Every structure is written in C-alpha cells, then in structure tokens.
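This is start-v7.pdb (PDB, N, CA and C atoms).
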```pdb
ATOM      1  N   MET D   1      23.767  18.761  27.817  1.00  0.00           N
ATOM      2  CA  MET D   1      23.562  19.840  26.864  1.00  0.00           C
ATOM      3  C   MET D   1      22.664  20.897  27.520  1.00  0.00           C
ATOM      4  N   THR D   2      23.067  22.150  27.443  1.00  0.00           N
ATOM      5  CA  THR D   2      22.286  23.215  28.067  1.00  0.00           C
ATOM      6  C   THR D   2      21.314  23.812  27.074  1.00  0.00           C
ATOM      7  N   GLU D   3      20.180  24.220  27.583  1.00  0.00           N
ATOM      8  CA  GLU D   3      19.159  24.849  26.744  1.00  0.00           C
ATOM      9  C   GLU D   3      19.578  26.276  26.428  1.00  0.00           C
ATOM     10  N   GLN D   4      19.378  26.685  25.174  1.00  0.00           N
ATOM     11  CA  GLN D   4      19.738  28.041  24.764  1.00  0.00           C
ATOM     12  C   GLN D   4      18.764  29.043  25.384  1.00  0.00           C
ATOM     13  N   THR D   5      19.339  30.062  25.984  1.00  0.00           N
ATOM     14  CA  THR D   5      18.527  31.159  26.487  1.00  0.00           C
ATOM     15  C   THR D   5      18.977  32.422  25.781  1.00  0.00           C
ATOM     16  N   GLY D   6      18.138  33.405  25.750  1.00  0.00           N
ATOM     17  CA  GLY D   6      18.482  34.656  25.092  1.00  0.00           C
ATOM     18  C   GLY D   6      17.625  34.868  23.868  1.00  0.00           C
ATOM     19  N   PRO D   7      17.889  35.961  23.181  1.00  0.00           N
ATOM     20  CA  PRO D   7      17.007  36.356  22.091  1.00  0.00           C
ATOM     21  C   PRO D   7      17.162  35.548  20.812  1.00  0.00           C
ATOM     22  N   GLY D   8      18.277  34.894  20.625  1.00  0.00           N
ATOM     23  CA  GLY D   8      18.561  34.211  19.370  1.00  0.00           C
ATOM     24  C   GLY D   8      19.759  34.876  18.708  1.00  0.00           C
ATOM     25  N   GLU D   9      20.073  34.439  17.502  1.00  0.00           N
ATOM     26  CA  GLU D   9      21.234  34.963  16.794  1.00  0.00           C
ATOM     27  C   GLU D   9      21.022  36.430  16.443  1.00  0.00           C
ATOM     28  N   LEU D  10      22.059  37.226  16.674  1.00  0.00           N
ATOM     29  CA  LEU D  10      22.013  38.658  16.397  1.00  0.00           C
ATOM     30  C   LEU D  10      22.907  38.983  15.207  1.00  0.00           C
ATOM     31  N   VAL D  11      22.543  40.022  14.458  1.00  0.00           N
ATOM     32  CA  VAL D  11      23.349  40.483  13.330  1.00  0.00           C
ATOM     33  C   VAL D  11      23.456  42.001  13.376  1.00  0.00           C
ATOM     34  N   ALA D  12      24.564  42.492  12.865  1.00  0.00           N
ATOM     35  CA  ALA D  12      24.798  43.930  12.759  1.00  0.00           C
ATOM     36  C   ALA D  12      24.709  44.327  11.289  1.00  0.00           C
ATOM     37  N   ALA D  13      24.890  45.593  11.022  1.00  0.00           N
ATOM     38  CA  ALA D  13      24.738  46.123   9.664  1.00  0.00           C
ATOM     39  C   ALA D  13      25.596  45.363   8.649  1.00  0.00           C
ATOM     40  N   GLY D  14      26.828  45.060   8.994  1.00  0.00           N
ATOM     41  CA  GLY D  14      27.715  44.361   8.058  1.00  0.00           C
ATOM     42  C   GLY D  14      27.150  43.038   7.582  1.00  0.00           C
ATOM     43  N   GLU D  15      26.596  42.273   8.502  1.00  0.00           N
ATOM     44  CA  GLU D  15      25.989  40.988   8.131  1.00  0.00           C
ATOM     45  C   GLU D  15      24.726  41.199   7.301  1.00  0.00           C
ATOM     46  N   ILE D  16      23.951  42.218   7.641  1.00  0.00           N
ATOM     47  CA  ILE D  16      22.717  42.481   6.898  1.00  0.00           C
ATOM     48  C   ILE D  16      23.024  42.930   5.478  1.00  0.00           C
ATOM     49  N   LEU D  17      24.091  43.708   5.292  1.00  0.00           N
ATOM     50  CA  LEU D  17      24.504  44.097   3.933  1.00  0.00           C
ATOM     51  C   LEU D  17      24.725  42.854   3.078  1.00  0.00           C
ATOM     52  N   THR D  18      25.392  41.874   3.654  1.00  0.00           N
ATOM     53  CA  THR D  18      25.656  40.627   2.934  1.00  0.00           C
ATOM     54  C   THR D  18      24.361  39.863   2.683  1.00  0.00           C
ATOM     55  N   MET D  19      23.503  39.790   3.692  1.00  0.00           N
ATOM     56  CA  MET D  19      22.236  39.074   3.541  1.00  0.00           C
ATOM     57  C   MET D  19      21.386  39.682   2.430  1.00  0.00           C
ATOM     58  N   LEU D  20      21.391  41.018   2.346  1.00  0.00           N
ATOM     59  CA  LEU D  20      20.590  41.715   1.342  1.00  0.00           C
ATOM     60  C   LEU D  20      21.312  41.855   0.006  1.00  0.00           C
ATOM     61  N   GLY D  21      22.637  41.791   0.028  1.00  0.00           N
ATOM     62  CA  GLY D  21      23.420  41.990  -1.194  1.00  0.00           C
ATOM     63  C   GLY D  21      23.378  43.430  -1.672  1.00  0.00           C
ATOM     64  N   VAL D  22      23.429  44.379  -0.723  1.00  0.00           N
ATOM     65  CA  VAL D  22      23.330  45.793  -1.069  1.00  0.00           C
ATOM     66  C   VAL D  22      24.484  46.580  -0.463  1.00  0.00           C
ATOM     67  N   SER D  23      24.614  47.829  -0.902  1.00  0.00           N
ATOM     68  CA  SER D  23      25.621  48.730  -0.361  1.00  0.00           C
ATOM     69  C   SER D  23      25.141  49.314   0.961  1.00  0.00           C
ATOM     70  N   ARG D  24      26.045  49.932   1.678  1.00  0.00           N
ATOM     71  CA  ARG D  24      25.706  50.565   2.951  1.00  0.00           C
ATOM     72  C   ARG D  24      24.661  51.668   2.756  1.00  0.00           C
ATOM     73  N   SER D  25      24.805  52.471   1.693  1.00  0.00           N
ATOM     74  CA  SER D  25      23.837  53.550   1.460  1.00  0.00           C
ATOM     75  C   SER D  25      22.458  52.987   1.117  1.00  0.00           C
ATOM     76  N   ARG D  26      22.402  51.906   0.349  1.00  0.00           N
ATOM     77  CA  ARG D  26      21.105  51.280   0.036  1.00  0.00           C
ATOM     78  C   ARG D  26      20.486  50.681   1.297  1.00  0.00           C
ATOM     79  N   PHE D  27      21.327  50.112   2.165  1.00  0.00           N
ATOM     80  CA  PHE D  27      20.813  49.562   3.411  1.00  0.00           C
ATOM     81  C   PHE D  27      20.173  50.666   4.265  1.00  0.00           C
ATOM     82  N   ARG D  28      20.766  51.847   4.294  1.00  0.00           N
ATOM     83  CA  ARG D  28      20.158  52.947   5.052  1.00  0.00           C
ATOM     84  C   ARG D  28      18.772  53.268   4.518  1.00  0.00           C
ATOM     85  N   GLU D  29      18.588  53.208   3.208  1.00  0.00           N
ATOM     86  CA  GLU D  29      17.262  53.432   2.620  1.00  0.00           C
ATOM     87  C   GLU D  29      16.293  52.319   3.039  1.00  0.00           C
ATOM     88  N   ILE D  30      16.745  51.078   2.979  1.00  0.00           N
ATOM     89  CA  ILE D  30      15.902  49.937   3.335  1.00  0.00           C
ATOM     90  C   ILE D  30      15.470  50.025   4.795  1.00  0.00           C
ATOM     91  N   GLN D  31      16.358  50.474   5.674  1.00  0.00           N
ATOM     92  CA  GLN D  31      16.030  50.611   7.089  1.00  0.00           C
ATOM     93  C   GLN D  31      14.838  51.535   7.313  1.00  0.00           C
ATOM     94  N   ARG D  32      14.630  52.491   6.419  1.00  0.00           N
ATOM     95  CA  ARG D  32      13.520  53.443   6.564  1.00  0.00           C
ATOM     96  C   ARG D  32      12.185  52.845   6.137  1.00  0.00           C
ATOM     97  N   HIS D  33      12.204  51.680   5.495  1.00  0.00           N
ATOM     98  CA  HIS D  33      10.967  51.026   5.085  1.00  0.00           C
ATOM     99  C   HIS D  33      10.168  50.678   6.343  1.00  0.00           C
ATOM    100  N   PRO D  34       8.878  50.993   6.370  1.00  0.00           N
ATOM    101  CA  PRO D  34       8.082  50.747   7.582  1.00  0.00           C
ATOM    102  C   PRO D  34       8.072  49.293   8.050  1.00  0.00           C
ATOM    103  N   ALA D  35       8.263  48.355   7.137  1.00  0.00           N
ATOM    104  CA  ALA D  35       8.225  46.942   7.518  1.00  0.00           C
ATOM    105  C   ALA D  35       9.574  46.421   8.005  1.00  0.00           C
ATOM    106  N   PHE D  36      10.644  47.201   7.798  1.00  0.00           N
ATOM    107  CA  PHE D  36      11.957  46.713   8.236  1.00  0.00           C
ATOM    108  C   PHE D  36      11.966  46.649   9.758  1.00  0.00           C
ATOM    109  N   PRO D  37      12.473  45.549  10.328  1.00  0.00           N
ATOM    110  CA  PRO D  37      12.415  45.394  11.781  1.00  0.00           C
ATOM    111  C   PRO D  37      13.213  46.460  12.527  1.00  0.00           C
ATOM    112  N   ARG D  38      12.705  46.801  13.681  1.00  0.00           N
ATOM    113  CA  ARG D  38      13.432  47.722  14.564  1.00  0.00           C
ATOM    114  C   ARG D  38      14.619  46.965  15.152  1.00  0.00           C
ATOM    115  N   PRO D  39      15.708  47.679  15.449  1.00  0.00           N
ATOM    116  CA  PRO D  39      16.852  47.007  16.079  1.00  0.00           C
ATOM    117  C   PRO D  39      16.450  46.364  17.403  1.00  0.00           C
ATOM    118  N   TYR D  40      17.082  45.256  17.708  1.00  0.00           N
ATOM    119  CA  TYR D  40      16.895  44.601  18.999  1.00  0.00           C
ATOM    120  C   TYR D  40      17.513  45.477  20.089  1.00  0.00           C
ATOM    121  N   ALA D  41      18.667  46.075  19.751  1.00  0.00           N
ATOM    122  CA  ALA D  41      19.355  46.965  20.685  1.00  0.00           C
ATOM    123  C   ALA D  41      20.198  47.950  19.888  1.00  0.00           C
ATOM    124  N   VAL D  42      20.411  49.111  20.484  1.00  0.00           N
ATOM    125  CA  VAL D  42      21.300  50.112  19.904  1.00  0.00           C
ATOM    126  C   VAL D  42      22.460  50.274  20.878  1.00  0.00           C
ATOM    127  N   LEU D  43      23.647  49.910  20.416  1.00  0.00           N
ATOM    128  CA  LEU D  43      24.856  49.948  21.231  1.00  0.00           C
ATOM    129  C   LEU D  43      25.708  51.144  20.805  1.00  0.00           C
ATOM    130  N   THR D  44      26.737  51.431  21.539  1.00  0.00           N
ATOM    131  CA  THR D  44      27.612  52.544  21.156  1.00  0.00           C
ATOM    132  C   THR D  44      28.291  52.291  19.816  1.00  0.00           C
ATOM    133  N   VAL D  45      28.466  51.027  19.439  1.00  0.00           N
ATOM    134  CA  VAL D  45      29.098  50.689  18.164  1.00  0.00           C
ATOM    135  C   VAL D  45      28.099  50.548  17.025  1.00  0.00           C
ATOM    136  N   GLY D  46      26.805  50.640  17.318  1.00  0.00           N
ATOM    137  CA  GLY D  46      25.782  50.543  16.282  1.00  0.00           C
ATOM    138  C   GLY D  46      24.626  49.664  16.713  1.00  0.00           C
ATOM    139  N   SER D  47      23.686  49.523  15.814  1.00  0.00           N
ATOM    140  CA  SER D  47      22.479  48.742  16.093  1.00  0.00           C
ATOM    141  C   SER D  47      22.717  47.271  15.800  1.00  0.00           C
ATOM    142  N   ILE D  48      21.941  46.427  16.492  1.00  0.00           N
ATOM    143  CA  ILE D  48      21.931  44.996  16.211  1.00  0.00           C
ATOM    144  C   ILE D  48      20.487  44.546  16.098  1.00  0.00           C
ATOM    145  N   TRP D  49      20.273  43.562  15.241  1.00  0.00           N
ATOM    146  CA  TRP D  49      18.938  43.040  14.959  1.00  0.00           C
ATOM    147  C   TRP D  49      18.907  41.554  15.251  1.00  0.00           C
ATOM    148  N   LEU D  50      17.708  41.043  15.486  1.00  0.00           N
ATOM    149  CA  LEU D  50      17.532  39.604  15.551  1.00  0.00           C
ATOM    150  C   LEU D  50      17.609  39.072  14.116  1.00  0.00           C
ATOM    151  N   LYS D  51      18.454  38.106  13.897  1.00  0.00           N
ATOM    152  CA  LYS D  51      18.633  37.555  12.551  1.00  0.00           C
ATOM    153  C   LYS D  51      17.317  37.033  11.996  1.00  0.00           C
ATOM    154  N   ALA D  52      16.514  36.388  12.828  1.00  0.00           N
ATOM    155  CA  ALA D  52      15.233  35.843  12.379  1.00  0.00           C
ATOM    156  C   ALA D  52      14.308  36.946  11.877  1.00  0.00           C
ATOM    157  N   ASP D  53      14.326  38.117  12.506  1.00  0.00           N
ATOM    158  CA  ASP D  53      13.499  39.238  12.059  1.00  0.00           C
ATOM    159  C   ASP D  53      13.938  39.732  10.680  1.00  0.00           C
ATOM    160  N   VAL D  54      15.251  39.816  10.482  1.00  0.00           N
ATOM    161  CA  VAL D  54      15.777  40.275   9.188  1.00  0.00           C
ATOM    162  C   VAL D  54      15.469  39.243   8.105  1.00  0.00           C
ATOM    163  N   GLU D  55      15.631  37.965   8.420  1.00  0.00           N
ATOM    164  CA  GLU D  55      15.319  36.917   7.443  1.00  0.00           C
ATOM    165  C   GLU D  55      13.840  36.946   7.076  1.00  0.00           C
ATOM    166  N   ARG D  56      12.976  37.192   8.029  1.00  0.00           N
ATOM    167  CA  ARG D  56      11.536  37.282   7.762  1.00  0.00           C
ATOM    168  C   ARG D  56      11.259  38.466   6.822  1.00  0.00           C
ATOM    169  N   TYR D  57      11.872  39.618   7.093  1.00  0.00           N
ATOM    170  CA  TYR D  57      11.697  40.785   6.234  1.00  0.00           C
ATOM    171  C   TYR D  57      12.133  40.456   4.798  1.00  0.00           C
ATOM    172  N   ILE D  58      13.283  39.829   4.662  1.00  0.00           N
ATOM    173  CA  ILE D  58      13.793  39.486   3.327  1.00  0.00           C
ATOM    174  C   ILE D  58      12.813  38.556   2.616  1.00  0.00           C
ATOM    175  N   ALA D  59      12.318  37.549   3.312  1.00  0.00           N
ATOM    176  CA  ALA D  59      11.390  36.590   2.703  1.00  0.00           C
ATOM    177  C   ALA D  59      10.087  37.256   2.273  1.00  0.00           C
ATOM    178  N   GLU D  60       9.629  38.223   3.036  1.00  0.00           N
ATOM    179  CA  GLU D  60       8.335  38.837   2.766  1.00  0.00           C
ATOM    180  C   GLU D  60       8.390  40.067   1.858  1.00  0.00           C
ATOM    181  N   HIS D  61       9.532  40.742   1.800  1.00  0.00           N
ATOM    182  CA  HIS D  61       9.563  42.042   1.123  1.00  0.00           C
ATOM    183  C   HIS D  61      10.631  42.201   0.047  1.00  0.00           C
ATOM    184  N   ARG D  62      11.463  41.211  -0.147  1.00  0.00           N
ATOM    185  CA  ARG D  62      12.516  41.335  -1.152  1.00  0.00           C
ATOM    186  C   ARG D  62      12.313  40.299  -2.246  1.00  0.00           C
ATOM    187  N   ARG D  63      12.537  40.709  -3.479  1.00  0.00           N
ATOM    188  CA  ARG D  63      12.472  39.751  -4.585  1.00  0.00           C
ATOM    189  C   ARG D  63      13.696  38.861  -4.539  1.00  0.00           C
ATOM    190  N   PRO D  64      13.525  37.589  -4.877  1.00  0.00           N
ATOM    191  CA  PRO D  64      14.698  36.698  -4.909  1.00  0.00           C
ATOM    192  C   PRO D  64      15.719  37.210  -5.910  1.00  0.00           C
ATOM    193  N   ARG D  65      16.975  37.102  -5.553  1.00  0.00           N
ATOM    194  CA  ARG D  65      18.050  37.521  -6.456  1.00  0.00           C
ATOM    195  C   ARG D  65      18.312  36.404  -7.457  1.00  0.00           C
ATOM    196  N   LEU D  66      18.668  36.784  -8.665  1.00  0.00           N
ATOM    197  CA  LEU D  66      19.001  35.801  -9.691  1.00  0.00           C
ATOM    198  C   LEU D  66      20.384  35.233  -9.431  1.00  0.00           C
ATOM    199  N   ALA D  67      20.535  33.947  -9.657  1.00  0.00           N
ATOM    200  CA  ALA D  67      21.853  33.316  -9.535  1.00  0.00           C
ATOM    201  C   ALA D  67      22.709  33.770 -10.713  1.00  0.00           C
ATOM    202  N   ASP D  68      24.011  33.754 -10.540  1.00  0.00           N
ATOM    203  CA  ASP D  68      24.916  34.119 -11.637  1.00  0.00           C
ATOM    204  C   ASP D  68      24.605  33.260 -12.862  1.00  0.00           C
ATOM    205  N   GLY D  69      24.463  33.898 -13.989  1.00  0.00           N
ATOM    206  CA  GLY D  69      24.189  33.181 -15.226  1.00  0.00           C
ATOM    207  C   GLY D  69      22.727  33.053 -15.546  1.00  0.00           C
ATOM    208  N   ASP D  70      21.846  33.288 -14.573  1.00  0.00           N
ATOM    209  CA  ASP D  70      20.401  33.231 -14.829  1.00  0.00           C
ATOM    210  C   ASP D  70      19.970  34.528 -15.487  1.00  0.00           C
ATOM    211  N   GLU D  71      18.977  34.425 -16.337  1.00  0.00           N
ATOM    212  CA  GLU D  71      18.425  35.607 -16.993  1.00  0.00           C
ATOM    213  C   GLU D  71      17.006  35.810 -16.514  1.00  0.00           C
ATOM    214  N   GLU D  72      16.603  37.092 -16.429  1.00  0.00           N
ATOM    215  CA  GLU D  72      15.227  37.398 -16.059  1.00  0.00           C
ATOM    216  C   GLU D  72      14.295  36.983 -17.188  1.00  0.00           C
ATOM    217  N   ALA D  73      13.132  36.488 -16.792  1.00  0.00           N
ATOM    218  CA  ALA D  73      12.155  36.057 -17.806  1.00  0.00           C
ATOM    219  C   ALA D  73      11.471  37.255 -18.422  1.00  0.00           C
TER
END
```
Take the structure in the file and give it back as structure tokens.
Amino acid sequence: MTEQTGPGELVAAGEILTMLGVSRSRFREIQRHPAFPRPYAVLTVGSIWLKADVERYIAEHRRPRLADGDEEA
C-alpha cells in the first residue's frame, strides 16, 4: 500500500454548492466572506479548494440545516 502524497481531496464550485446547499449566486456571496478559504489553485476551468478547508468553514461558520420534516424551535 502506498502512502498518500499531495494536498488531499480537492473540490470545485459544483461540489461546494452541494456541500453548502446553495445556488451559484449565493456561493459567490459566500466566497467574499473573509473567513471563506482561499482557493488551493486557480485553473483555466475555475478555482479548486481543499475539501478539508471548506468543511472546516462550514463547521465553524454555517448553521446546521434542518432535516426534511424538522421544524425550527
């Protein structure tokens, strides 16, 4: 078994939209938040982020979403 090298799992805007549960326009607003992670790289096809950085941002700065059928208290 070989040891993993590299930065870790990467995600692009499409995956982040799903992770956040938001529209593309809302994601553009979220990207401007000072705490949102900077892209790991900017490619000709768009930016990519480290998945762990995005997950950390979500855990620290986003309210948990309600499951279907749950009501806010």
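Applied to this file, the PyMOL selection byres (((chain D and resi 36 and name CA) around 12) and name CA) selects the residues Ile16, Phe27, Arg28, Glu29, Ile30, Gln31, Arg32, His33, Pro34, Ala35, Pro37, Arg38, Pro39, Trp49, Leu50, Asp53, Val54, Glu55, Arg56, Tyr57, Ile58, Ala59, Glu60, His61 and Arg62 of chain D.
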Export of prior selection with N, CA and C atoms as a compact mmCIF listing (two decimals), in the coordinates of the input:
```
# COMPACT_ATOMS: atom_id res chain seq x y z
N ILE D 16 23.95 42.22 7.64
CA ILE D 16 22.72 42.48 6.90
C ILE D 16 23.02 42.93 5.48
N PHE D 27 21.33 50.11 2.16
CA PHE D 27 20.81 49.56 3.41
C PHE D 27 20.17 50.67 4.26
N ARG D 28 20.77 51.85 4.29
CA ARG D 28 20.16 52.95 5.05
C ARG D 28 18.77 53.27 4.52
N GLU D 29 18.59 53.21 3.21
CA GLU D 29 17.26 53.43 2.62
C GLU D 29 16.29 52.32 3.04
N ILE D 30 16.74 51.08 2.98
CA ILE D 30 15.90 49.94 3.34
C ILE D 30 15.47 50.02 4.80
N GLN D 31 16.36 50.47 5.67
CA GLN D 31 16.03 50.61 7.09
C GLN D 31 14.84 51.54 7.31
N ARG D 32 14.63 52.49 6.42
CA ARG D 32 13.52 53.44 6.56
C ARG D 32 12.18 52.84 6.14
N HIS D 33 12.20 51.68 5.50
CA HIS D 33 10.97 51.03 5.08
C HIS D 33 10.17 50.68 6.34
N PRO D 34 8.88 50.99 6.37
CA PRO D 34 8.08 50.75 7.58
C PRO D 34 8.07 49.29 8.05
N ALA D 35 8.26 48.36 7.14
CA ALA D 35 8.22 46.94 7.52
C ALA D 35 9.57 46.42 8.01
N PRO D 37 12.47 45.55 10.33
CA PRO D 37 12.42 45.39 11.78
C PRO D 37 13.21 46.46 12.53
N ARG D 38 12.70 46.80 13.68
CA ARG D 38 13.43 47.72 14.56
C ARG D 38 14.62 46.96 15.15
N PRO D 39 15.71 47.68 15.45
CA PRO D 39 16.85 47.01 16.08
C PRO D 39 16.45 46.36 17.40
N TRP D 49 20.27 43.56 15.24
CA TRP D 49 18.94 43.04 14.96
C TRP D 49 18.91 41.55 15.25
N LEU D 50 17.71 41.04 15.49
CA LEU D 50 17.53 39.60 15.55
C LEU D 50 17.61 39.07 14.12
N ASP D 53 14.33 38.12 12.51
CA ASP D 53 13.50 39.24 12.06
C ASP D 53 13.94 39.73 10.68
N VAL D 54 15.25 39.82 10.48
CA VAL D 54 15.78 40.28 9.19
C VAL D 54 15.47 39.24 8.10
N GLU D 55 15.63 37.97 8.42
CA GLU D 55 15.32 36.92 7.44
C GLU D 55 13.84 36.95 7.08
N ARG D 56 12.98 37.19 8.03
CA ARG D 56 11.54 37.28 7.76
C ARG D 56 11.26 38.47 6.82
N TYR D 57 11.87 39.62 7.09
CA TYR D 57 11.70 40.78 6.23
C TYR D 57 12.13 40.46 4.80
N ILE D 58 13.28 39.83 4.66
CA ILE D 58 13.79 39.49 3.33
C ILE D 58 12.81 38.56 2.62
N ALA D 59 12.32 37.55 3.31
CA ALA D 59 11.39 36.59 2.70
C ALA D 59 10.09 37.26 2.27
N GLU D 60 9.63 38.22 3.04
CA GLU D 60 8.34 38.84 2.77
C GLU D 60 8.39 40.07 1.86
N HIS D 61 9.53 40.74 1.80
CA HIS D 61 9.56 42.04 1.12
C HIS D 61 10.63 42.20 0.05
N ARG D 62 11.46 41.21 -0.15
CA ARG D 62 12.52 41.34 -1.15
C ARG D 62 12.31 40.30 -2.25
```
Measure the distance from atom C of D:Leu17 to atom CA of D:Thr5 in Å and round it to one decimal.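 Going from atom C of D:Leu17 over to atom CA of D:Thr5 covers 26.9 Å.
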Just need the box for stretch 33-50 of chain D, edges along x, y and z, holding every atom the file lists for it with 3 Å tacked onto each side, so centre and edge lengths in Å to one decimal, as JSON.
```
{"center_x": 18.6, "center_y": 45.8, "center_z": 13.3, "size_x": 27.0, "size_y": 19.5, "size_z": 22.5}
```
Atom N of D:Glu9 and atom C of D:Val45, how far apart in Å? 18.0 Å
Evaluating the PyMOL selection byres ((chain D and resi 13) around 8) on the displayed file yields which residues, as a list in words?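 Checking the PyMOL selection byres ((chain D and resi 13) around 8) against this file, the residues are Val11, Ala12, Gly14, Glu15, Ile16, Leu17, Thr18, Met19, Arg24, Gly46, Ser47, Ile48 and Trp49 of chain D.
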In chain D, DSSP alpha helix (DSSP H) residues written as a PyMOL selection string: chain D and resi 13-20+24-31+51-61
Could you pull out the residues in chain D that DSSP calls strand (DSSP E or B) from the backbone, as a PyMOL selection string? chain D and resi 10-12+41-43+46-50
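For the pair atom CA of D:Ser25 and atom N of D:Gly8, the interatomic distance is 27.3 Å.
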